[in-house]
file my_file.tsv (TSV, C-alpha atoms)
chain	number	residue	atom	x	y	z
A	187	MET	CA	-11.82	-41.05	-54.90
A	188	SER	CA	-8.40	-41.49	-53.42
A	189	PHE	CA	-7.04	-40.50	-50.10
A	190	VAL	CA	-4.65	-37.59	-50.41
A	191	THR	CA	-2.29	-37.81	-47.51
A	192	ARG	CA	1.21	-38.96	-48.32
A	193	GLY	CA	3.42	-36.05	-49.26
A	194	PHE	CA	0.57	-33.58	-49.37
A	195	HIS	CA	2.44	-31.14	-47.17
A	196	GLY	CA	5.85	-31.82	-48.68
A	197	ARG	CA	8.40	-34.41	-47.72
A	198	ARG	CA	7.07	-37.12	-45.51
A	199	ARG	CA	9.35	-37.74	-42.60
A	200	ASP	CA	9.58	-40.63	-40.25
A	201	ASP	CA	8.83	-39.37	-36.76
A	202	ASP	CA	10.45	-42.49	-35.25
A	203	GLY	CA	9.19	-41.78	-31.75
A	204	ARG	CA	10.14	-38.13	-32.00
A	205	LEU	CA	6.58	-36.83	-31.86
A	206	PRO	CA	5.43	-35.85	-28.35
A	207	PRO	CA	1.93	-36.85	-27.22
A	208	GLY	CA	-0.92	-34.95	-28.84
A	209	GLN	CA	1.25	-33.54	-31.63
A	210	HIS	CA	1.04	-33.95	-35.42
A	211	LEU	CA	3.70	-33.36	-38.05
A	212	THR	CA	3.61	-30.40	-40.39
A	213	GLY	CA	5.77	-29.62	-43.38
A	214	ASP	CA	4.79	-25.96	-43.22
A	215	PHE	CA	5.97	-23.40	-40.73
A	216	PRO	CA	2.80	-21.85	-39.29
A	217	VAL	CA	3.02	-18.26	-38.10
A	218	LEU	CA	1.56	-17.56	-34.68
A	219	SER	CA	1.82	-14.09	-33.27
A	220	ALA	CA	0.27	-12.01	-30.51
A	221	GLY	CA	0.84	-8.73	-32.28
A	222	PRO	CA	2.13	-6.91	-35.33
A	223	THR	CA	5.50	-8.01	-36.69
A	224	PRO	CA	8.19	-5.59	-35.53
A	225	ARG	CA	10.78	-4.53	-38.11
A	226	ILE	CA	14.07	-3.81	-36.39
A	227	PRO	CA	16.90	-2.28	-38.46
A	228	LEU	CA	20.10	-4.19	-37.75
A	229	ASP	CA	22.00	-1.01	-36.90
A	230	GLU	CA	19.45	-0.36	-34.14
A	231	TRP	CA	19.11	-3.95	-32.95
A	232	GLU	CA	20.43	-4.79	-29.50
A	233	LEU	CA	20.42	-7.77	-27.19
A	234	TRP	CA	20.59	-7.05	-23.48
A	235	VAL	CA	21.03	-9.24	-20.43
A	236	ALA	CA	20.18	-7.71	-17.05
A	237	THR	CA	21.11	-9.42	-13.81
A	238	GLU	CA	19.15	-9.42	-10.58
A	239	GLU	CA	21.61	-6.85	-9.24
A	240	GLY	CA	20.99	-4.47	-12.13
A	241	THR	CA	24.16	-5.14	-14.11
A	242	ARG	CA	23.39	-4.77	-17.80
A	243	HIS	CA	25.28	-6.41	-20.66
A	244	THR	CA	24.53	-5.52	-24.28
A	245	TRP	CA	25.45	-6.79	-27.72
A	246	SER	CA	25.01	-4.97	-31.00
A	247	TRP	CA	24.18	-6.96	-34.13
A	248	ALA	CA	27.85	-6.78	-35.20
A	249	GLU	CA	28.93	-8.03	-31.78
A	250	LEU	CA	26.47	-10.93	-31.98
A	251	MET	CA	27.77	-11.84	-35.44
A	252	ALA	CA	31.33	-11.87	-34.08
A	253	LEU	CA	30.47	-14.60	-31.56
A	254	ALA	CA	31.01	-18.27	-32.39
A	255	ALA	CA	27.89	-19.69	-34.02
A	256	ASP	CA	26.32	-23.14	-33.84
A	257	GLU	CA	24.20	-24.82	-36.50
A	258	PRO	CA	21.71	-26.92	-34.54
A	259	THR	CA	19.28	-29.31	-36.23
A	260	VAL	CA	16.33	-29.70	-33.91
A	261	ASP	CA	12.69	-30.77	-33.69
A	262	ILE	CA	10.24	-28.04	-32.67
A	263	HIS	CA	6.85	-28.48	-31.03
A	264	CYS	CA	4.12	-25.83	-30.90
A	265	VAL	CA	1.53	-25.92	-28.13
A	266	THR	CA	-1.17	-25.62	-30.81
A	267	SER	CA	-0.19	-29.23	-31.67
A	268	TRP	CA	2.03	-29.00	-34.74
A	269	SER	CA	5.57	-30.34	-34.70
A	270	LYS	CA	8.30	-29.91	-37.26
A	271	LEU	CA	11.28	-32.26	-37.37
A	272	ASP	CA	14.88	-31.66	-38.38
A	273	THR	CA	14.70	-27.89	-38.62
A	274	THR	CA	18.10	-26.30	-39.20
A	275	TRP	CA	19.18	-23.05	-37.61
A	276	ARG	CA	22.25	-20.90	-37.12
A	277	GLY	CA	22.72	-18.92	-33.96
A	278	VAL	CA	24.76	-18.22	-30.87
A	279	SER	CA	24.46	-20.51	-27.88
A	280	LEU	CA	23.20	-18.91	-24.69
A	281	ASP	CA	26.22	-20.55	-23.03
A	282	THR	CA	28.37	-18.16	-25.06
A	283	ILE	CA	26.18	-15.12	-24.43
A	284	LEU	CA	25.94	-15.75	-20.69
A	285	ALA	CA	29.55	-16.92	-20.23
A	286	ASP	CA	30.73	-13.71	-18.56
A	287	VAL	CA	27.47	-12.86	-16.80
A	288	GLU	CA	27.63	-13.31	-13.05
A	289	THR	CA	24.28	-14.13	-11.52
A	290	ALA	CA	22.64	-16.01	-8.70
A	291	ALA	CA	19.31	-16.04	-10.55
A	292	ASP	CA	17.43	-19.27	-11.13
A	293	TYR	CA	14.98	-17.89	-13.70
A	294	ALA	CA	14.92	-15.83	-16.86
A	295	LEU	CA	12.20	-13.55	-18.19
A	296	VAL	CA	12.79	-13.09	-21.90
A	297	HIS	CA	11.65	-9.83	-23.50
A	298	SER	CA	10.89	-9.29	-27.17
A	299	TYR	CA	10.65	-6.26	-29.38
A	300	GLY	CA	6.91	-5.58	-29.44
A	301	GLY	CA	6.41	-6.35	-25.76
A	302	TYR	CA	6.07	-10.16	-25.68
A	303	THR	CA	7.59	-11.96	-22.70
A	304	THR	CA	8.13	-15.57	-21.67
A	305	ASN	CA	9.66	-17.15	-18.58
A	306	LEU	CA	11.82	-20.19	-18.11
A	307	PRO	CA	14.34	-21.58	-15.65
A	308	LEU	CA	17.83	-20.29	-16.35
A	309	GLU	CA	19.16	-23.85	-16.49
A	310	ASP	CA	16.96	-24.46	-19.54
A	311	LEU	CA	18.93	-21.78	-21.40
A	312	LEU	CA	22.30	-23.40	-20.61
A	313	ASP	CA	24.30	-26.53	-21.47
A	314	GLY	CA	23.70	-26.40	-25.22
A	315	LYS	CA	19.91	-26.28	-24.97
A	316	ALA	CA	19.20	-22.75	-26.25
A	317	TRP	CA	20.34	-20.26	-28.86
A	318	VAL	CA	19.78	-16.76	-30.16
A	319	ALA	CA	19.03	-17.86	-33.73
A	320	TYR	CA	19.28	-15.64	-36.80
A	321	GLU	CA	19.18	-18.10	-39.71
A	322	PHE	CA	16.57	-20.74	-40.56
A	323	GLU	CA	17.14	-23.38	-43.24
A	324	GLY	CA	20.13	-21.45	-44.58
A	325	ASP	CA	18.42	-18.07	-44.96
A	326	ASP	CA	18.18	-15.00	-42.80
A	327	LEU	CA	15.37	-15.52	-40.31
A	328	HIS	CA	12.22	-13.98	-41.80
A	329	PRO	CA	10.57	-11.27	-39.64
A	330	GLU	CA	7.34	-13.31	-39.45
A	331	HIS	CA	9.34	-16.09	-37.81
A	332	GLY	CA	11.09	-13.75	-35.40
A	333	GLY	CA	13.88	-12.21	-37.43
A	334	PRO	CA	16.31	-10.69	-37.21
A	335	ALA	CA	16.81	-12.98	-34.21
A	336	ARG	CA	14.69	-15.17	-31.98
A	337	LEU	CA	15.27	-17.37	-29.02
A	338	LEU	CA	15.42	-21.08	-29.86
A	339	VAL	CA	14.67	-23.46	-26.98
A	340	PRO	CA	13.51	-26.55	-28.81
A	341	HIS	CA	13.05	-28.86	-25.82
A	342	LEU	CA	10.13	-26.70	-24.61
A	343	TYR	CA	6.92	-25.75	-26.43
A	344	PHE	CA	7.73	-23.19	-29.07
A	345	TRP	CA	6.02	-20.22	-27.36
A	346	LYS	CA	9.10	-20.21	-25.12
A	347	SER	CA	11.28	-19.58	-28.20
A	348	ALA	CA	10.48	-15.87	-28.17
A	349	LYS	CA	10.45	-14.18	-31.56
A	350	TRP	CA	12.23	-10.82	-31.98
A	351	VAL	CA	14.28	-11.42	-28.85
A	352	HIS	CA	15.50	-8.20	-27.28
A	353	GLY	CA	16.53	-8.93	-23.71
A	354	ILE	CA	16.94	-11.53	-21.01
A	355	GLU	CA	16.12	-10.47	-17.48
A	356	LEU	CA	17.70	-12.75	-14.89
A	357	VAL	CA	15.45	-12.96	-11.84
A	358	LEU	CA	15.40	-14.76	-8.50
A	359	GLU	CA	11.70	-15.66	-8.65
A	360	ASP	CA	9.82	-17.23	-11.55
A	361	THR	CA	7.84	-14.43	-13.21
A	362	PRO	CA	5.07	-15.50	-15.60
A	363	GLY	CA	5.30	-14.17	-19.15
A	364	PHE	CA	2.68	-13.14	-21.71
A	365	TRP	CA	0.97	-16.51	-22.15
A	366	GLU	CA	2.00	-17.98	-18.80
A	367	GLN	CA	-0.08	-15.24	-17.08
A	368	LEU	CA	-3.15	-16.41	-18.95
A	369	GLY	CA	-3.50	-20.13	-18.46
A	370	TYR	CA	-0.47	-21.58	-20.23
A	371	HIS	CA	1.99	-23.74	-18.32
A	372	ASP	CA	4.95	-22.14	-16.59
A	373	TYR	CA	7.43	-24.73	-17.90
A	374	GLY	CA	5.92	-26.22	-21.08
A	375	ASP	CA	7.58	-29.61	-21.57
A	376	PRO	CA	6.01	-31.14	-24.71
A	377	TRP	CA	6.94	-34.68	-23.63
A	378	ARG	CA	4.88	-34.24	-20.45
A	379	GLU	CA	2.20	-32.36	-22.43
A	380	GLN	CA	2.44	-29.33	-20.15
A	381	ARG	CA	0.20	-27.09	-22.24
A	382	TYR	CA	-1.89	-25.40	-19.56
A	383	GLN	CA	-1.57	-24.61	-15.89
A	384	GLY	CA	-2.26	-27.74	-13.90
A	385	ASP	CA	-1.07	-30.11	-16.67
B	1376	MET	CA	6.45	-28.93	-52.00
B	1377	GLN	CA	5.33	-25.60	-50.75
B	1378	ASP	CA	7.68	-22.68	-50.45
B	1379	LYS	CA	8.24	-22.20	-46.77
B	1380	ASP	CA	7.10	-18.60	-46.83
B	1381	SER	CA	4.10	-18.82	-49.13
B	1382	GLY	CA	3.09	-22.05	-47.43
B	1383	GLU	CA	2.64	-20.44	-44.07
B	1384	GLU	CA	-0.78	-20.82	-42.59
B	1385	PRO	CA	-2.30	-17.48	-41.61
B	1386	VAL	CA	-3.37	-18.84	-38.24
B	1387	GLY	CA	-1.66	-16.20	-36.16
B	1388	GLY	CA	-1.52	-13.12	-38.31
B	1389	ALA	CA	-3.36	-9.85	-37.94
B	1390	GLY	CA	-6.23	-9.06	-40.23
B	1391	LEU	CA	-8.92	-10.02	-37.75
B	1392	ASP	CA	-11.16	-7.47	-36.08
B	1393	GLY	CA	-12.97	-7.46	-32.78
B	1394	ASN	CA	-16.07	-9.16	-34.16
B	1395	VAL	CA	-14.24	-12.49	-33.82
B	1396	LEU	CA	-14.32	-11.91	-30.04
B	1397	ALA	CA	-18.12	-12.21	-29.95
B	1398	GLY	CA	-18.20	-15.99	-29.70
B	1399	PRO	CA	-15.48	-16.51	-27.09
B	1400	LEU	CA	-16.74	-13.59	-24.96
B	1401	SER	CA	-20.32	-14.85	-25.08
B	1402	GLU	CA	-19.12	-17.54	-22.67
B	1403	VAL	CA	-18.29	-14.82	-20.15
B	1404	PHE	CA	-20.67	-11.92	-20.72
B	1405	ALA	CA	-24.45	-11.95	-20.88
B	1406	VAL	CA	-24.47	-9.23	-23.56
B	1407	ASP	CA	-22.86	-8.84	-26.99
B	1408	ILE	CA	-19.60	-7.30	-25.86
B	1409	THR	CA	-18.49	-6.27	-29.37
B	1410	THR	CA	-20.72	-3.17	-29.14
B	1411	ALA	CA	-19.18	-2.11	-25.83
B	1412	VAL	CA	-16.67	0.73	-25.90
B	1413	GLY	CA	-13.33	0.26	-24.21
B	1414	ARG	CA	-10.88	2.98	-23.18
B	1415	CYS	CA	-7.20	2.25	-23.75
B	1416	ARG	CA	-4.99	2.52	-20.68
B	1417	GLY	CA	-2.07	3.42	-22.96
B	1418	CYS	CA	-3.30	6.21	-25.26
B	1419	GLY	CA	-6.73	6.96	-23.84
B	1420	ALA	CA	-8.57	6.30	-27.09
B	1421	SER	CA	-12.08	4.88	-26.90
B	1422	SER	CA	-12.92	2.09	-29.32
B	1423	ALA	CA	-15.82	-0.26	-29.87
B	1424	ILE	CA	-14.59	-3.78	-29.14
B	1425	ALA	CA	-15.64	-4.74	-32.68
B	1426	THR	CA	-12.98	-2.39	-34.06
B	1427	LEU	CA	-10.01	-3.86	-32.18
B	1428	ARG	CA	-7.15	-5.37	-34.14
B	1429	VAL	CA	-7.20	-9.00	-33.17
B	1430	HIS	CA	-4.37	-11.54	-33.39
B	1431	GLY	CA	-5.00	-15.24	-32.96
B	1432	PRO	CA	-7.00	-17.34	-32.38
B	1433	GLN	CA	-4.03	-19.50	-31.28
B	1434	PRO	CA	-2.45	-19.67	-28.73
B	1435	GLY	CA	-5.02	-17.07	-27.61
B	1436	LEU	CA	-6.97	-14.06	-28.86
B	1437	VAL	CA	-5.19	-10.74	-28.39
B	1438	GLY	CA	-7.21	-7.56	-28.98
B	1439	ARG	CA	-5.12	-4.46	-29.60
B	1440	CYS	CA	-6.01	-0.78	-29.63
B	1441	PRO	CA	-6.65	0.45	-33.19
B	1442	GLY	CA	-4.96	3.71	-32.16
B	1443	CYS	CA	-1.71	2.66	-30.47
B	1444	ASP	CA	-1.56	-1.16	-30.82
B	1445	ASP	CA	-1.32	-1.70	-27.05
B	1446	VAL	CA	-2.86	-4.93	-25.79
B	1447	LEU	CA	-6.37	-4.15	-24.50
B	1448	LEU	CA	-7.67	-7.64	-23.83
B	1449	ARG	CA	-6.64	-11.27	-24.09
B	1450	ILE	CA	-8.64	-14.47	-24.02
B	1451	VAL	CA	-7.32	-18.00	-23.67
B	1452	ARG	CA	-9.63	-21.02	-23.78
B	1453	THR	CA	-8.15	-23.98	-21.94
B	1454	PRO	CA	-9.94	-27.34	-21.72
B	1455	ASP	CA	-11.64	-26.37	-18.46
B	1456	ALA	CA	-11.57	-22.57	-18.23
B	1457	VAL	CA	-11.73	-19.24	-20.00
B	1458	TRP	CA	-8.90	-16.90	-19.02
B	1459	LEU	CA	-9.69	-13.24	-19.57
B	1460	ASP	CA	-7.35	-10.25	-19.21
B	1461	LEU	CA	-8.90	-6.80	-19.52
B	1462	GLY	CA	-5.88	-5.06	-17.98
B	1463	GLY	CA	-5.26	-2.83	-20.99
B	1464	LEU	CA	-8.63	-1.15	-20.53
B	1465	THR	CA	-9.34	1.59	-18.01
B	1466	SER	CA	-13.06	1.14	-18.58
B	1467	LEU	CA	-15.56	-0.80	-20.61
B	1468	ARG	CA	-18.87	0.94	-21.40
B	1469	ILE	CA	-21.51	-1.69	-22.00
B	1470	PRO	CA	-24.78	-0.50	-23.54
B	1471	SER	CA	-27.85	-1.46	-21.56
B	1472	ALA	CA	-31.56	-1.39	-22.26
B	1473	GLY	CA	-31.90	1.62	-19.98

call {"tool": "encode", "arguments": {"input": "my_file.tsv", "output": "structure tokens"}}
result
Amino acid sequence: MSFVTRGFHGRRRDDDGRLPPGQHLTGDFPVLSAGPTPRIPLDEWELWVATEEGTRHTWSWAELMALAADEPTVDIHCVTSWSKLDTTWRGVSLDTILADVETAADYALVHSYGGYTTNLPLEDLLDGKAWVAYEFEGDDLHPEHGGPARLLVPHLYFWKSAKWVHGIELVLEDTPGFWEQLGYHDYGDPWREQRYQGD
Amino acid sequence: MQDKDSGEEPVGGAGLDGNVLAGPLSEVFAVDITTAVGRCRGCGASSAIATLRVHGPQPGLVGRCPGCDDVLLRIVRTPDAVWLDLGGLTSLRIPSAG
């Protein structure tokens, strides 16, 4: 009888202090979802940003593709305790998307196709910390993982990285999203293990 | 090395029905709630809780209307509490002994 651990889930990677408390590494990419997977034809896809004053900005898929893209390599951490290191993505920085949006809002409520929502401070979407991502590991983002495009905010627990992103509502007051209304933490910093309200 | 798609764990997919809610809801209700009939606030359909389309169990259980897929109920178990949202239901008819 031998212990089967090393390499069982694919390449073994050195976490080198990159694993937040209470997390374990996975080589897989588990699918967590609160509803059926929406299928959005690209010619119907739209990203909107609405300000607190009601100004609405929209981007078609072609317009998103025309924006300068980044290729971030990031570690991701799910509140259900798996982490995945060195994931590679392609997407448009929220700095680019929000560059011409005038707002006094401090918070964002992100809306997905299918009705999911999640909230986060606007500053956590800026300064190179967040993207609208449409490729994962060199391929189009699979619908089960949020394709055609999802939010990617890797410094917070992954439920903040809303799949099937559709819109960003800029708001003056923090407004709890789908899981934040039901016991999960408003901010969700994996390094402070902010899983649930009160953590 | 597993293919990244085929290697996905089905931890969050659909394919569950409302019977999986029996255990978590037994912490809250004194009766077996899966036989109760809920009315959807969205489409008005009445469905036994056992017939809901359930996603989860992580990060939480989400029970959706088998008619219109609206969220009828949600349950999150934190280390020290059960969070329950029944906001998608206009009513819940719970059979009693009479």

call {"tool": "residues_around", "arguments": {"input": "my_file.tsv", "residues": "B:Val1457", "least_positions_apart": "6", "cutoff": "8 Å", "atoms": "all atoms listed in the file", "output": "list in words"}}
result
Val1403, Ile1450 and Val1451 of chain B

call {"tool": "axis_aligned_box", "arguments": {"input": "my_file.tsv", "around": "stretch 1392-1410 of chain B", "padding_each_side": "8 Å", "output": "JSON"}}
result
{"center_x": -17.8, "center_y": -10.4, "center_z": -28.1, "size_x": 29.3, "size_y": 30.4, "size_z": 31.9}

call {"tool": "residues_around", "arguments": {"input": "my_file.tsv", "residues": "stretch 364-376 of chain A", "least_positions_apart": "2", "cutoff": "7 Å", "atoms": "all atoms listed in the file", "output": "list in words"}}
result
Pro206, His263, Tyr302, Thr303, Thr304, Leu306, His341, Leu342, Tyr343, Pro362, Arg378, Glu379, Gln380, Arg381, Tyr382 and Gln383 of chain A; Val1451, Thr1453 and Trp1458 of chain B

call {"tool": "residues_around", "arguments": {"input": "my_file.tsv", "residues": "stretch 321-336 of chain A", "least_positions_apart": "2", "cutoff": "6 Å", "atoms": "only C-alpha atoms", "output": "MDAnalysis selection string"}}
result
chainID A and resid 274:276 318:319 348:351

call {"tool": "residues_around", "arguments": {"input": "my_file.tsv", "residues": "A:Gly300", "least_positions_apart": "5", "cutoff": "12 Å", "atoms": "all atoms listed in the file", "output": "PyMOL selection string"}}
result
(chain A and resi 219-226+332+348-353+364) or (chain B and resi 1443-1446)

call {"tool": "write_last_selection", "arguments": {"input": "my_file.tsv", "atoms": "C-alpha atoms", "output": "compact mmCIF listing (two decimals), keeping the file's coordinate frame"}}
result
# COMPACT_ATOMS: atom_id res chain seq x y z
CA SER A 219 1.82 -14.09 -33.27
CA ALA A 220 0.27 -12.01 -30.51
CA GLY A 221 0.84 -8.73 -32.28
CA PRO A 222 2.13 -6.91 -35.33
CA THR A 223 5.50 -8.01 -36.69
CA PRO A 224 8.19 -5.59 -35.53
CA ARG A 225 10.78 -4.53 -38.11
CA ILE A 226 14.07 -3.81 -36.39
CA GLY A 332 11.09 -13.75 -35.40
CA ALA A 348 10.48 -15.87 -28.17
CA LYS A 349 10.45 -14.18 -31.56
CA TRP A 350 12.23 -10.82 -31.98
CA VAL A 351 14.28 -11.42 -28.85
CA HIS A 352 15.50 -8.20 -27.28
CA GLY A 353 16.53 -8.93 -23.71
CA PHE A 364 2.68 -13.14 -21.71
CA CYS B 1443 -1.71 2.66 -30.47
CA ASP B 1444 -1.56 -1.16 -30.82
CA ASP B 1445 -1.32 -1.70 -27.05
CA VAL B 1446 -2.86 -4.93 -25.79

call {"tool": "atom_distance", "arguments": {"input": "my_file.tsv", "atom1": "atom CA of A:Leu308", "atom2": "atom CA of A:Leu253"}}
result
20.6 Å

call {"tool": "atom_distance", "arguments": {"input": "my_file.tsv", "atom1": "atom CA of B:Pro1454", "atom2": "atom CA of A:Gly384"}}
result
11.0 Å

call {"tool": "residues_around", "arguments": {"input": "my_file.tsv", "residues": "A:Ala291", "least_positions_apart": "2", "cutoff": "8 Å", "atoms": "only C-alpha atoms", "output": "ChimeraX atom specification"}}
result
/A:237-238,289,293-294,308,356-359

call {"tool": "closest_residue", "arguments": {"input": "my_file.tsv", "among": "B:Val1406, B:Leu1459, B:Ala1472, B:Cys1415", "to": "B:Gly1435", "atoms": "only C-alpha atoms"}}
result
B:Leu1459

call {"tool": "closest_residue", "arguments": {"input": "my_file.tsv", "among": "B:Gln1433, B:Thr1426, B:Ser1471, B:Ser1421", "to": "chain A", "atoms": "only C-alpha atoms"}}
result
B:Gln1433

call {"tool": "closest_residue", "arguments": {"input": "my_file.tsv", "among": "B:Ala1425, B:Gly1413, B:Gly1390, B:Pro1399", "to": "B:Leu1461", "atoms": "all atoms listed in the file"}}
result
B:Gly1413

call {"tool": "closest_residue", "arguments": {"input": "my_file.tsv", "among": "B:Ile1469, B:Ser1422, B:Leu1391, B:Glu1402", "to": "chain A", "atoms": "only C-alpha atoms"}}
result
B:Leu1391

call {"tool": "closest_residue", "arguments": {"input": "my_file.tsv", "among": "A:Val217, A:Leu284, A:Leu211, A:Val278", "to": "chain B", "atoms": "all atoms listed in the file"}}
result
A:Val217

call {"tool": "closest_residue", "arguments": {"input": "my_file.tsv", "among": "A:Ser347, A:Thr241, A:Ser298, A:Thr212", "to": "chain B", "atoms": "all atoms listed in the file"}}
result
A:Thr212

call {"tool": "atom_distance", "arguments": {"input": "my_file.tsv", "atom1": "atom CA of B:Pro1434", "atom2": "atom CA of B:Gly1398"}}
result
16.2 Å
